[in-house]
Amino acid sequence: MVKKLKIVCVIIIFILFLTACWDANELTDLALATALAIDQEDDQIKLTVQVINPDEIAGNNFTNRTAVSTYSSTGETVFEALRKLTTIAPRKVYLSHIHVIVIGEALAEAGIARNLDFISRDHEMRADFHLAIARGHTAAEAINILTPLEKISAEKLASSIESSQQAWAKTKKVSLDVLLSSISSKGKEAVLTGVDIIGDPNQGNKLDNVEAVHSPTFVKVDTVGVFKNDQLVGWLSGDDSKGLNYVINEVESTVEETACEEGDDKKVVAEVIKSNTKMEGKFKNDTPTVAIDIKTEANIGDVECGIDITDPSNFEKIEKQLGKEIEQLIKDSIDQAKELESDIFGFGEVISRSNYKRWKEIEGRWSDVFVQQLQTEVNVDVTLRRTGTVTQSFQKEIEEKKKKDEQ
Amino acid sequence: MLHQEKISVRQFTILVFMYTLGTSVIYLPSLVASYGKENGWISVLGSSLIGFGVVFILNKIAQLDEKKHLFELLEFIFGKWIGRIISVLILMFVIYLLATNLRQIGDFITTQVMVQTPIYVIMIIFILVSLFAVKLGLEVIGRTSEIFFPYALFSLILLIVLVAPQADFSNIQPLFRENIAGAFLAVFPASEVPYFQLFVFLAIFPSVNKPDKAKKGFYIGVALGSFILFIITFMALMVLGPDFTARNQYPTYILGKKISIAEFIERIEILVAIAWFFSIFFKLTINFYALSLGVSYLLKLKSVQTLTTPIAFFVVILGIILFPNIIYFMDFSQFYWPFFAITFGLFIPLLMLLIGMIKKRKQGNGSQTPS
């Protein structure tokens, strides 16, 4: 009898604990969000989420519905707006699979800090998404565009941000922890890449946008937006963005070009395959100075003129010229940052690392010191490695032929 | 007989290792980073030195009489009444430890993994497993530790290796410039959690089959545990940066979230979390065992297991009512708890050693020692 009672007790305990998980989230009850867009609308926050339409991604019979849908709602805060979405969206929005968060330009100019806390606090949010600013448009429009190739446009945005930094270096991918630590750092300011809409945004959210060979409307990853504290203060040009990436050692690969001869519009183009930056802070006669030392490896990728690249002295000349081009990029980029009064390179951190005592003296007025006093010494060392699949270009023969014809 | 059960030296070493990791493996990086910022890892090194000191003292105490466990030793050293009073105080401390650890794992799971699950459900599940282990006895606990040790170690190594490509050395610079005072200050709160609690191992020390080698095992367990703690803190600081590490409640878990190898090996943080599910389980179980040993010894019960079930229920309730909220808990454990910890973890063992040695010398001069 007692034994039977014991067994019954054990069974009851098992029933209590082994039924199911409290937090079971069935796939059919979730709306998987892939992108968030945060805009300012009057005094309120307008939140737009892009959710996957699962049937169109993994089903067998595709209908002519779109692969993603967006829902918007407004609220005093991001969190409120998100929960309010349940009134419009058919299911609970699940945030773990977010690829990008796009912030409206107006909101970025007003300050983003107050909206970031929720994103870093919420447990569903992960740390592996990219952040971007919708340049010239609202963020909602940026995630409303349908894109060819990638059915989920958020995925397209995320992979564009990544691949353009990798191969082009004029954009910059920024994750949440990087953004937060540079916003709160005393010796560094934040940057975020911009996304731009080319074409008519209203047309971009219709299915016929992807039915044409050339989509009339598409999203483009743009250059880098500069922050001062948590407010967007301006944009760098493409070249300046590249300069920024050179300084902070995030150039993986890019294209550099230099004139064959001074004043010539024909170019020699090199593909940067590796770049390594070392920065060192010091005080030269009380002037805070940062020495930027860049070692770049490149291959020749394109020759437009008849320069003899098999001649070592010419090779050296090209190396020097390329070095100067990069140096100029960096100098322009620093000038631009000084104009915007924002130390996006983290020079303050570099100086604090090398001379902490002196840094403490200037820490409080760093942004003034950065604009007025900071000196930089840029030294670029380019090494050309290979010339691609050919050595001498055929340009020389063509030039000679042309000359003969003229004679 | 209360301790006829025997565990091997290897099992003892693994238990020490697991105990050292305990809950620290998820809390420590945040704690040291909030004091010492980029120099937080120095505090981990400093605290592990203190840890070795504590182990030295404990080994010396154990040497006084290798057949006596903690509570017998207390009575032997301080005499019947004072010894018992100190035993009761220590038991209260251990009950508190047990309840807090339970609450910590509950808080972790309800914050990060299962948000809608009531915290007491998680606490009950954890304590039930511990209760089961204590009921089965020390030998079973020892063997369990041998089985789970590879999994725990493997998932920690997995975490460290997979997150290593994202480490950025500049995050922990400038070295030794800023927050040095903070880094040294943090040595004390950092050593309170694993090291000032190690004295509970005196309760199972006599059960190790080779007491001489157990001393070495004690050192090895603490060394390995501290090393893992150090590497994890170092990685958290390098990958997440001091600010982010300090701001996060569970930086080690965030570190797991950061793992991304070729966009293929991702989202495996819960696999990594297995490591501290095991380490916290063993910490709970050892504290639980020491507690029931002490209670049964003081009340002269025949078996260690008699009061375990009521204690388990008591501890769950205590864990829930101890702290109204997480901020209260953080404040308490940072500013008030160290004093308790240092009293029980350092002063009482020191006192035990001092008086014990004097007593032993006196007895050595006199006649026989009563065992």
# chains A, B, ... in the order shown; residues from 1 in each chain; ligands from 1
>>> interface_residues(of="chain A", to="chain B", cutoff="10 Å", atoms="only C-alpha atoms", output="VMD selection string")
chain A and resid 17 21 to 24 96 120 to 124 126 to 128 177 to 178 180 to 182 184 to 185 349 to 357 360
>>> write_last_selection(atoms="N, CA and C atoms", output="PDB file, in the first residue's frame")
ATOM      1  N   PHE A  17       6.301  18.368 -13.343  1.00  0.00           N
ATOM      2  CA  PHE A  17       7.520  18.986 -13.874  1.00  0.00           C
ATOM      3  C   PHE A  17       7.824  18.637 -15.324  1.00  0.00           C
ATOM      4  N   CYS A  21       7.560  23.112 -21.088  1.00  0.00           N
ATOM      5  CA  CYS A  21       8.323  24.265 -20.654  1.00  0.00           C
ATOM      6  C   CYS A  21       7.394  25.466 -20.559  1.00  0.00           C
ATOM      7  N   TRP A  22       7.582  26.233 -19.523  1.00  0.00           N
ATOM      8  CA  TRP A  22       6.765  27.430 -19.352  1.00  0.00           C
ATOM      9  C   TRP A  22       6.923  28.380 -20.544  1.00  0.00           C
ATOM     10  N   ASP A  23       8.144  28.442 -20.984  1.00  0.00           N
ATOM     11  CA  ASP A  23       8.444  29.440 -22.004  1.00  0.00           C
ATOM     12  C   ASP A  23       8.410  28.869 -23.402  1.00  0.00           C
ATOM     13  N   ALA A  24       7.663  27.799 -23.588  1.00  0.00           N
ATOM     14  CA  ALA A  24       7.593  27.228 -24.926  1.00  0.00           C
ATOM     15  C   ALA A  24       7.045  28.268 -25.894  1.00  0.00           C
ATOM     16  N   SER A  96      14.799  37.651 -31.685  1.00  0.00           N
ATOM     17  CA  SER A  96      16.132  37.046 -31.674  1.00  0.00           C
ATOM     18  C   SER A  96      16.804  36.963 -33.037  1.00  0.00           C
ATOM     19  N   SER A 120      19.677  46.936 -25.590  1.00  0.00           N
ATOM     20  CA  SER A 120      20.728  46.172 -24.918  1.00  0.00           C
ATOM     21  C   SER A 120      20.196  45.421 -23.705  1.00  0.00           C
ATOM     22  N   ARG A 121      19.024  45.793 -23.215  1.00  0.00           N
ATOM     23  CA  ARG A 121      18.513  45.164 -21.997  1.00  0.00           C
ATOM     24  C   ARG A 121      17.637  43.955 -22.290  1.00  0.00           C
ATOM     25  N   ASP A 122      16.911  44.012 -23.395  1.00  0.00           N
ATOM     26  CA  ASP A 122      15.945  42.957 -23.669  1.00  0.00           C
ATOM     27  C   ASP A 122      16.652  41.629 -23.912  1.00  0.00           C
ATOM     28  N   HIS A 123      16.112  40.561 -23.331  1.00  0.00           N
ATOM     29  CA  HIS A 123      16.828  39.280 -23.418  1.00  0.00           C
ATOM     30  C   HIS A 123      16.699  38.647 -24.786  1.00  0.00           C
ATOM     31  N   GLU A 124      15.669  39.027 -25.566  1.00  0.00           N
ATOM     32  CA  GLU A 124      15.519  38.409 -26.879  1.00  0.00           C
ATOM     33  C   GLU A 124      16.533  38.972 -27.871  1.00  0.00           C
ATOM     34  N   ARG A 126      19.929  39.902 -29.490  1.00  0.00           N
ATOM     35  CA  ARG A 126      21.259  39.330 -29.440  1.00  0.00           C
ATOM     36  C   ARG A 126      22.277  40.415 -29.771  1.00  0.00           C
ATOM     37  N   ALA A 127      23.528  40.021 -29.829  1.00  0.00           N
ATOM     38  CA  ALA A 127      24.547  41.055 -30.043  1.00  0.00           C
ATOM     39  C   ALA A 127      25.072  41.027 -31.475  1.00  0.00           C
ATOM     40  N   ASP A 128      24.415  40.275 -32.374  1.00  0.00           N
ATOM     41  CA  ASP A 128      25.050  40.059 -33.670  1.00  0.00           C
ATOM     42  C   ASP A 128      24.382  40.795 -34.836  1.00  0.00           C
ATOM     43  N   ASP A 177      27.520  46.568 -29.315  1.00  0.00           N
ATOM     44  CA  ASP A 177      28.501  46.789 -28.241  1.00  0.00           C
ATOM     45  C   ASP A 177      29.558  47.812 -28.640  1.00  0.00           C
ATOM     46  N   VAL A 178      29.923  47.810 -29.929  1.00  0.00           N
ATOM     47  CA  VAL A 178      30.881  48.811 -30.399  1.00  0.00           C
ATOM     48  C   VAL A 178      30.265  50.208 -30.304  1.00  0.00           C
ATOM     49  N   LEU A 180      27.807  51.270 -28.369  1.00  0.00           N
ATOM     50  CA  LEU A 180      27.629  51.709 -26.989  1.00  0.00           C
ATOM     51  C   LEU A 180      28.951  52.101 -26.361  1.00  0.00           C
ATOM     52  N   SER A 181      29.995  51.307 -26.620  1.00  0.00           N
ATOM     53  CA  SER A 181      31.252  51.649 -25.948  1.00  0.00           C
ATOM     54  C   SER A 181      31.852  52.905 -26.553  1.00  0.00           C
ATOM     55  N   SER A 182      31.617  53.174 -27.865  1.00  0.00           N
ATOM     56  CA  SER A 182      32.185  54.425 -28.369  1.00  0.00           C
ATOM     57  C   SER A 182      31.329  55.634 -27.991  1.00  0.00           C
ATOM     58  N   SER A 184      29.940  55.934 -25.063  1.00  0.00           N
ATOM     59  CA  SER A 184      30.245  56.259 -23.676  1.00  0.00           C
ATOM     60  C   SER A 184      31.725  56.533 -23.433  1.00  0.00           C
ATOM     61  N   SER A 185      32.573  56.275 -24.431  1.00  0.00           N
ATOM     62  CA  SER A 185      33.997  56.527 -24.222  1.00  0.00           C
ATOM     63  C   SER A 185      34.300  58.022 -24.216  1.00  0.00           C
ATOM     64  N   GLU A 349      41.592  57.920 -26.998  1.00  0.00           N
ATOM     65  CA  GLU A 349      41.933  56.647 -26.350  1.00  0.00           C
ATOM     66  C   GLU A 349      43.392  56.290 -26.586  1.00  0.00           C
ATOM     67  N   VAL A 350      43.872  56.594 -27.805  1.00  0.00           N
ATOM     68  CA  VAL A 350      45.269  56.293 -28.123  1.00  0.00           C
ATOM     69  C   VAL A 350      46.191  57.079 -27.196  1.00  0.00           C
ATOM     70  N   ILE A 351      45.865  58.364 -27.009  1.00  0.00           N
ATOM     71  CA  ILE A 351      46.727  59.192 -26.151  1.00  0.00           C
ATOM     72  C   ILE A 351      46.626  58.728 -24.703  1.00  0.00           C
ATOM     73  N   SER A 352      45.424  58.377 -24.270  1.00  0.00           N
ATOM     74  CA  SER A 352      45.284  57.935 -22.884  1.00  0.00           C
ATOM     75  C   SER A 352      46.071  56.658 -22.643  1.00  0.00           C
ATOM     76  N   ARG A 353      46.212  55.840 -23.685  1.00  0.00           N
ATOM     77  CA  ARG A 353      46.962  54.599 -23.529  1.00  0.00           C
ATOM     78  C   ARG A 353      48.461  54.870 -23.390  1.00  0.00           C
ATOM     79  N   SER A 354      48.928  55.934 -24.056  1.00  0.00           N
ATOM     80  CA  SER A 354      50.376  56.116 -24.050  1.00  0.00           C
ATOM     81  C   SER A 354      50.843  57.064 -22.952  1.00  0.00           C
ATOM     82  N   ASN A 355      50.053  58.074 -22.679  1.00  0.00           N
ATOM     83  CA  ASN A 355      50.491  58.986 -21.618  1.00  0.00           C
ATOM     84  C   ASN A 355      49.309  59.338 -20.740  1.00  0.00           C
ATOM     85  N   TYR A 356      49.083  58.517 -19.748  1.00  0.00           N
ATOM     86  CA  TYR A 356      47.855  58.616 -19.007  1.00  0.00           C
ATOM     87  C   TYR A 356      47.757  59.883 -18.164  1.00  0.00           C
ATOM     88  N   LYS A 357      48.885  60.282 -17.605  1.00  0.00           N
ATOM     89  CA  LYS A 357      48.867  61.468 -16.740  1.00  0.00           C
ATOM     90  C   LYS A 357      48.457  62.716 -17.506  1.00  0.00           C
ATOM     91  N   LYS A 360      44.827  62.807 -18.517  1.00  0.00           N
ATOM     92  CA  LYS A 360      43.905  63.237 -17.459  1.00  0.00           C
ATOM     93  C   LYS A 360      43.760  64.749 -17.444  1.00  0.00           C
TER      94      LYS A 360
END
>>> residues_around(residues="Asp200 in chain A", least_positions_apart="3", cutoff="9 Å", atoms="only C-alpha atoms", output="JSON, numbers by chain")
{"A": [197, 203, 204, 216, 217, 218]}
>>> write_last_selection(atoms="N, CA and C atoms", output="JSON list (two decimals), in the first residue's frame")
[["chain", "number", "residue", "atom", "x", "y", "z"],
["A", 197, "ILE", "N", 18.02, 55.15, -50.05],
["A", 197, "ILE", "CA", 17.10, 54.53, -51.00],
["A", 197, "ILE", "C", 17.29, 55.22, -52.35],
["A", 203, "GLN", "N", 7.36, 52.87, -54.65],
["A", 203, "GLN", "CA", 7.29, 51.77, -55.61],
["A", 203, "GLN", "C", 8.06, 50.55, -55.09],
["A", 204, "GLY", "N", 9.06, 50.84, -54.25],
["A", 204, "GLY", "CA", 9.96, 49.78, -53.80],
["A", 204, "GLY", "C", 9.30, 48.73, -52.95],
["A", 216, "PRO", "N", 13.63, 49.07, -60.12],
["A", 216, "PRO", "CA", 13.67, 50.53, -60.15],
["A", 216, "PRO", "C", 14.05, 51.15, -58.81],
["A", 217, "THR", "N", 13.73, 50.47, -57.73],
["A", 217, "THR", "CA", 14.05, 51.04, -56.42],
["A", 217, "THR", "C", 14.92, 50.04, -55.66],
["A", 218, "PHE", "N", 15.97, 50.53, -55.07],
["A", 218, "PHE", "CA", 16.78, 49.62, -54.26],
["A", 218, "PHE", "C", 17.45, 50.37, -53.11]]
>>> closest_residue(among="B:Ser207, B:Arg103, B:Gly294, B:Ser279", to="Asn325 in chain B", atoms="only C-alpha atoms")
B:Arg103
>>> atom_distance(atom1="CA of Ile326 in chain B", atom2="CA of Asp107 in chain B")
8.1 Å
>>> closest_residue(among="A:Val233, A:Ile300, A:Ile119, A:Ala167", to="Thr389 in chain A", atoms="only C-alpha atoms")
A:Ile300
>>> select_by_dssp(residues="range 39-184 of chain A", states="strand (DSSP E)", output="PyMOL selection string")
chain A and resi 39-41+44-52+68-75+92-94+100-104+130-134
>>> write_last_selection(atoms="N, CA and C atoms", output="mmCIF file, in the first residue's frame")
data_model
loop_
_atom_site.group_PDB
_atom_site.id
_atom_site.type_symbol
_atom_site.label_atom_id
_atom_site.label_comp_id
_atom_site.auth_asym_id
_atom_site.auth_seq_id
_atom_site.Cartn_x
_atom_site.Cartn_y
_atom_site.Cartn_z
ATOM 1 N N ASP A 39 11.866 55.363 -35.888
ATOM 2 C CA ASP A 39 11.747 56.730 -36.399
ATOM 3 C C ASP A 39 11.167 57.626 -35.331
ATOM 4 N N GLN A 40 11.372 58.919 -35.566
ATOM 5 C CA GLN A 40 10.718 59.867 -34.693
ATOM 6 C C GLN A 40 9.519 60.433 -35.432
ATOM 7 N N GLU A 41 8.385 60.431 -34.770
ATOM 8 C CA GLU A 41 7.215 61.022 -35.388
ATOM 9 C C GLU A 41 6.612 61.969 -34.382
ATOM 10 N N GLN A 44 6.735 61.258 -30.708
ATOM 11 C CA GLN A 44 6.634 59.840 -30.404
ATOM 12 C C GLN A 44 7.634 59.013 -31.204
ATOM 13 N N ILE A 45 7.764 57.784 -30.786
ATOM 14 C CA ILE A 45 8.628 56.846 -31.489
ATOM 15 C C ILE A 45 7.754 56.005 -32.413
ATOM 16 N N LYS A 46 8.150 55.956 -33.661
ATOM 17 C CA LYS A 46 7.428 55.074 -34.576
ATOM 18 C C LYS A 46 8.309 53.861 -34.851
ATOM 19 N N LEU A 47 7.786 52.715 -34.520
ATOM 20 C CA LEU A 47 8.563 51.493 -34.653
ATOM 21 C C LEU A 47 7.994 50.656 -35.789
ATOM 22 N N THR A 48 8.851 50.240 -36.682
ATOM 23 C CA THR A 48 8.411 49.378 -37.774
ATOM 24 C C THR A 48 9.206 48.081 -37.700
ATOM 25 N N VAL A 49 8.516 46.960 -37.763
ATOM 26 C CA VAL A 49 9.247 45.693 -37.807
ATOM 27 C C VAL A 49 8.969 45.007 -39.124
ATOM 28 N N GLN A 50 10.014 44.357 -39.602
ATOM 29 C CA GLN A 50 9.841 43.533 -40.789
ATOM 30 C C GLN A 50 9.789 42.093 -40.318
ATOM 31 N N VAL A 51 8.707 41.396 -40.626
ATOM 32 C CA VAL A 51 8.617 40.003 -40.202
ATOM 33 C C VAL A 51 8.563 39.096 -41.417
ATOM 34 N N ILE A 52 9.029 37.869 -41.183
ATOM 35 C CA ILE A 52 9.077 36.891 -42.274
ATOM 36 C C ILE A 52 7.693 36.300 -42.503
ATOM 37 N N VAL A 68 8.244 39.103 -47.015
ATOM 38 C CA VAL A 68 8.264 39.782 -45.716
ATOM 39 C C VAL A 68 7.114 40.783 -45.656
ATOM 40 N N SER A 69 6.683 41.076 -44.459
ATOM 41 C CA SER A 69 5.690 42.125 -44.278
ATOM 42 C C SER A 69 6.199 43.064 -43.201
ATOM 43 N N THR A 70 5.733 44.286 -43.209
ATOM 44 C CA THR A 70 6.115 45.191 -42.131
ATOM 45 C C THR A 70 4.875 45.687 -41.400
ATOM 46 N N TYR A 71 5.071 45.924 -40.125
ATOM 47 C CA TYR A 71 4.013 46.502 -39.300
ATOM 48 C C TYR A 71 4.599 47.691 -38.553
ATOM 49 N N SER A 72 3.786 48.730 -38.392
ATOM 50 C CA SER A 72 4.266 49.909 -37.662
ATOM 51 C C SER A 72 3.327 50.248 -36.525
ATOM 52 N N SER A 73 3.902 50.788 -35.488
ATOM 53 C CA SER A 73 3.068 51.365 -34.441
ATOM 54 C C SER A 73 3.846 52.477 -33.771
ATOM 55 N N THR A 74 3.147 53.345 -33.090
ATOM 56 C CA THR A 74 3.824 54.443 -32.408
ATOM 57 C C THR A 74 3.598 54.338 -30.913
ATOM 58 N N GLY A 75 4.538 54.884 -30.182
ATOM 59 C CA GLY A 75 4.417 54.878 -28.732
ATOM 60 C C GLY A 75 5.391 55.865 -28.150
ATOM 61 N N LYS A 92 2.958 37.245 -31.844
ATOM 62 C CA LYS A 92 3.927 37.982 -31.032
ATOM 63 C C LYS A 92 5.247 38.108 -31.800
ATOM 64 N N VAL A 93 5.761 39.314 -31.817
ATOM 65 C CA VAL A 93 6.996 39.565 -32.557
ATOM 66 C C VAL A 93 8.183 39.018 -31.764
ATOM 67 N N TYR A 94 8.999 38.220 -32.430
ATOM 68 C CA TYR A 94 10.134 37.569 -31.775
ATOM 69 C C TYR A 94 11.427 38.183 -32.307
ATOM 70 N N VAL A 100 19.215 43.653 -38.868
ATOM 71 C CA VAL A 100 19.607 45.069 -38.826
ATOM 72 C C VAL A 100 18.604 45.878 -38.017
ATOM 73 N N ILE A 101 19.104 46.924 -37.424
ATOM 74 C CA ILE A 101 18.229 47.926 -36.830
ATOM 75 C C ILE A 101 18.541 49.236 -37.541
ATOM 76 N N VAL A 102 17.535 49.807 -38.173
ATOM 77 C CA VAL A 102 17.739 51.051 -38.896
ATOM 78 C C VAL A 102 17.135 52.185 -38.077
ATOM 79 N N ILE A 103 17.906 53.253 -37.950
ATOM 80 C CA ILE A 103 17.453 54.393 -37.166
ATOM 81 C C ILE A 103 17.204 55.551 -38.113
ATOM 82 N N GLY A 104 16.080 56.229 -37.957
ATOM 83 C CA GLY A 104 15.746 57.361 -38.818
ATOM 84 C C GLY A 104 16.716 58.515 -38.609
ATOM 85 N N HIS A 130 23.478 44.427 -37.112
ATOM 86 C CA HIS A 130 24.130 45.674 -37.482
ATOM 87 C C HIS A 130 23.191 46.844 -37.233
ATOM 88 N N LEU A 131 23.776 47.994 -36.994
ATOM 89 C CA LEU A 131 22.971 49.202 -36.871
ATOM 90 C C LEU A 131 23.283 50.122 -38.037
ATOM 91 N N ALA A 132 22.286 50.884 -38.477
ATOM 92 C CA ALA A 132 22.483 51.791 -39.605
ATOM 93 C C ALA A 132 21.533 52.970 -39.463
ATOM 94 N N ILE A 133 21.839 54.024 -40.220
ATOM 95 C CA ILE A 133 20.954 55.189 -40.234
ATOM 96 C C ILE A 133 20.356 55.312 -41.628
ATOM 97 N N ALA A 134 19.057 55.573 -41.685
ATOM 98 C CA ALA A 134 18.424 55.796 -42.982
ATOM 99 C C ALA A 134 18.705 57.236 -43.391
#
>>> closest_residue(among="B:Tyr253, B:Phe329, B:Tyr27, B:Phe314", to="Leu159 in chain B", atoms="only C-alpha atoms")
B:Tyr253
>>> atom_distance(atom1="CA of Gly356 in chain B", atom2="CA of Leu98 in chain B")
28.1 Å
>>> atom_distance(atom1="CA of Ile57 in chain A", atom2="CA of Phe79 in chain A")
28.3 Å
>>> residues_around(residues="Asn229 in chain A", least_positions_apart="4", cutoff="9 Å", atoms="only C-alpha atoms", output="ChimeraX atom specification")
/A:111,113,182-184,189-190,342
>>> residues_around(residues="Leu153 in chain B", least_positions_apart="4", cutoff="7 Å", atoms="only C-alpha atoms", output="number ranges by chain")
B: 149, 157, 275
>>> select_by_dssp(residues="range 165-267 of chain A", states="alpha helix (DSSP H)", output="number ranges by chain")
A: 165-167, 176-184, 201-204, 238-247
>>> write_last_selection(atoms="N, CA and C atoms", output="PDB file, in the first residue's frame")
ATOM      1  N   GLN A 165      31.869  46.663 -46.651  1.00  0.00           N
ATOM      2  CA  GLN A 165      33.040  47.009 -45.854  1.00  0.00           C
ATOM      3  C   GLN A 165      34.232  46.127 -46.218  1.00  0.00           C
ATOM      4  N   GLN A 166      33.940  44.864 -46.464  1.00  0.00           N
ATOM      5  CA  GLN A 166      35.023  43.943 -46.763  1.00  0.00           C
ATOM      6  C   GLN A 166      35.734  44.277 -48.068  1.00  0.00           C
ATOM      7  N   ALA A 167      34.957  44.633 -49.089  1.00  0.00           N
ATOM      8  CA  ALA A 167      35.557  44.777 -50.406  1.00  0.00           C
ATOM      9  C   ALA A 167      35.722  46.226 -50.835  1.00  0.00           C
ATOM     10  N   LEU A 176      26.145  46.584 -31.822  1.00  0.00           N
ATOM     11  CA  LEU A 176      25.647  47.336 -30.679  1.00  0.00           C
ATOM     12  C   LEU A 176      26.720  47.595 -29.619  1.00  0.00           C
ATOM     13  N   ASP A 177      27.520  46.568 -29.315  1.00  0.00           N
ATOM     14  CA  ASP A 177      28.501  46.789 -28.241  1.00  0.00           C
ATOM     15  C   ASP A 177      29.558  47.812 -28.640  1.00  0.00           C
ATOM     16  N   VAL A 178      29.923  47.810 -29.929  1.00  0.00           N
ATOM     17  CA  VAL A 178      30.881  48.811 -30.399  1.00  0.00           C
ATOM     18  C   VAL A 178      30.265  50.208 -30.304  1.00  0.00           C
ATOM     19  N   LEU A 179      29.015  50.316 -30.745  1.00  0.00           N
ATOM     20  CA  LEU A 179      28.336  51.607 -30.709  1.00  0.00           C
ATOM     21  C   LEU A 179      28.243  52.127 -29.275  1.00  0.00           C
ATOM     22  N   LEU A 180      27.807  51.270 -28.369  1.00  0.00           N
ATOM     23  CA  LEU A 180      27.629  51.709 -26.989  1.00  0.00           C
ATOM     24  C   LEU A 180      28.951  52.101 -26.361  1.00  0.00           C
ATOM     25  N   SER A 181      29.995  51.307 -26.620  1.00  0.00           N
ATOM     26  CA  SER A 181      31.252  51.649 -25.948  1.00  0.00           C
ATOM     27  C   SER A 181      31.852  52.905 -26.553  1.00  0.00           C
ATOM     28  N   SER A 182      31.617  53.174 -27.865  1.00  0.00           N
ATOM     29  CA  SER A 182      32.185  54.425 -28.369  1.00  0.00           C
ATOM     30  C   SER A 182      31.329  55.634 -27.991  1.00  0.00           C
ATOM     31  N   ILE A 183      30.023  55.435 -27.782  1.00  0.00           N
ATOM     32  CA  ILE A 183      29.223  56.564 -27.311  1.00  0.00           C
ATOM     33  C   ILE A 183      29.649  56.943 -25.893  1.00  0.00           C
ATOM     34  N   SER A 184      29.940  55.934 -25.063  1.00  0.00           N
ATOM     35  CA  SER A 184      30.245  56.259 -23.676  1.00  0.00           C
ATOM     36  C   SER A 184      31.725  56.533 -23.433  1.00  0.00           C
ATOM     37  N   PRO A 201      10.614  55.281 -53.075  1.00  0.00           N
ATOM     38  CA  PRO A 201      10.353  54.335 -52.002  1.00  0.00           C
ATOM     39  C   PRO A 201       8.949  53.727 -52.067  1.00  0.00           C
ATOM     40  N   ASN A 202       8.007  54.497 -52.583  1.00  0.00           N
ATOM     41  CA  ASN A 202       6.636  53.964 -52.641  1.00  0.00           C
ATOM     42  C   ASN A 202       6.512  52.809 -53.616  1.00  0.00           C
ATOM     43  N   GLN A 203       7.356  52.865 -54.650  1.00  0.00           N
ATOM     44  CA  GLN A 203       7.294  51.769 -55.608  1.00  0.00           C
ATOM     45  C   GLN A 203       8.065  50.552 -55.094  1.00  0.00           C
ATOM     46  N   GLY A 204       9.056  50.836 -54.250  1.00  0.00           N
ATOM     47  CA  GLY A 204       9.961  49.777 -53.798  1.00  0.00           C
ATOM     48  C   GLY A 204       9.302  48.730 -52.945  1.00  0.00           C
ATOM     49  N   GLY A 238      32.544  59.376 -49.140  1.00  0.00           N
ATOM     50  CA  GLY A 238      33.026  58.011 -49.300  1.00  0.00           C
ATOM     51  C   GLY A 238      34.515  57.892 -49.028  1.00  0.00           C
ATOM     52  N   ASP A 239      35.288  58.826 -49.597  1.00  0.00           N
ATOM     53  CA  ASP A 239      36.734  58.766 -49.400  1.00  0.00           C
ATOM     54  C   ASP A 239      37.114  58.976 -47.941  1.00  0.00           C
ATOM     55  N   ASP A 240      36.377  59.910 -47.292  1.00  0.00           N
ATOM     56  CA  ASP A 240      36.660  60.142 -45.875  1.00  0.00           C
ATOM     57  C   ASP A 240      36.351  58.907 -45.049  1.00  0.00           C
ATOM     58  N   SER A 241      35.288  58.207 -45.441  1.00  0.00           N
ATOM     59  CA  SER A 241      34.944  56.976 -44.715  1.00  0.00           C
ATOM     60  C   SER A 241      36.049  55.947 -44.862  1.00  0.00           C
ATOM     61  N   LYS A 242      36.627  55.915 -46.065  1.00  0.00           N
ATOM     62  CA  LYS A 242      37.724  54.984 -46.286  1.00  0.00           C
ATOM     63  C   LYS A 242      38.930  55.380 -45.434  1.00  0.00           C
ATOM     64  N   GLY A 243      39.183  56.684 -45.373  1.00  0.00           N
ATOM     65  CA  GLY A 243      40.263  57.176 -44.523  1.00  0.00           C
ATOM     66  C   GLY A 243      40.056  56.742 -43.082  1.00  0.00           C
ATOM     67  N   LEU A 244      38.812  56.858 -42.631  1.00  0.00           N
ATOM     68  CA  LEU A 244      38.484  56.432 -41.267  1.00  0.00           C
ATOM     69  C   LEU A 244      38.810  54.959 -41.067  1.00  0.00           C
ATOM     70  N   ASN A 245      38.389  54.139 -42.047  1.00  0.00           N
ATOM     71  CA  ASN A 245      38.651  52.701 -41.919  1.00  0.00           C
ATOM     72  C   ASN A 245      40.138  52.380 -41.926  1.00  0.00           C
ATOM     73  N   TYR A 246      40.902  53.158 -42.712  1.00  0.00           N
ATOM     74  CA  TYR A 246      42.363  52.966 -42.687  1.00  0.00           C
ATOM     75  C   TYR A 246      42.914  53.240 -41.304  1.00  0.00           C
ATOM     76  N   VAL A 247      42.477  54.355 -40.709  1.00  0.00           N
ATOM     77  CA  VAL A 247      43.049  54.742 -39.418  1.00  0.00           C
ATOM     78  C   VAL A 247      42.692  53.727 -38.345  1.00  0.00           C
TER      79      VAL A 247
END
>>> residues_around(residues="Thr252 in chain B", least_positions_apart="3", cutoff="7 Å", atoms="only C-alpha atoms", output="ChimeraX atom specification")
/B:26,236,255-256
>>> residues_around(residues="Asp302 in chain A", least_positions_apart="4", cutoff="9 Å", atoms="only C-alpha atoms", output="count of residues only")
9
>>> closest_residue(among="A:Gln407, A:Gln375, A:Thr138, A:Asn60", to="Glu280 in chain A", atoms="only C-alpha atoms")
A:Gln375
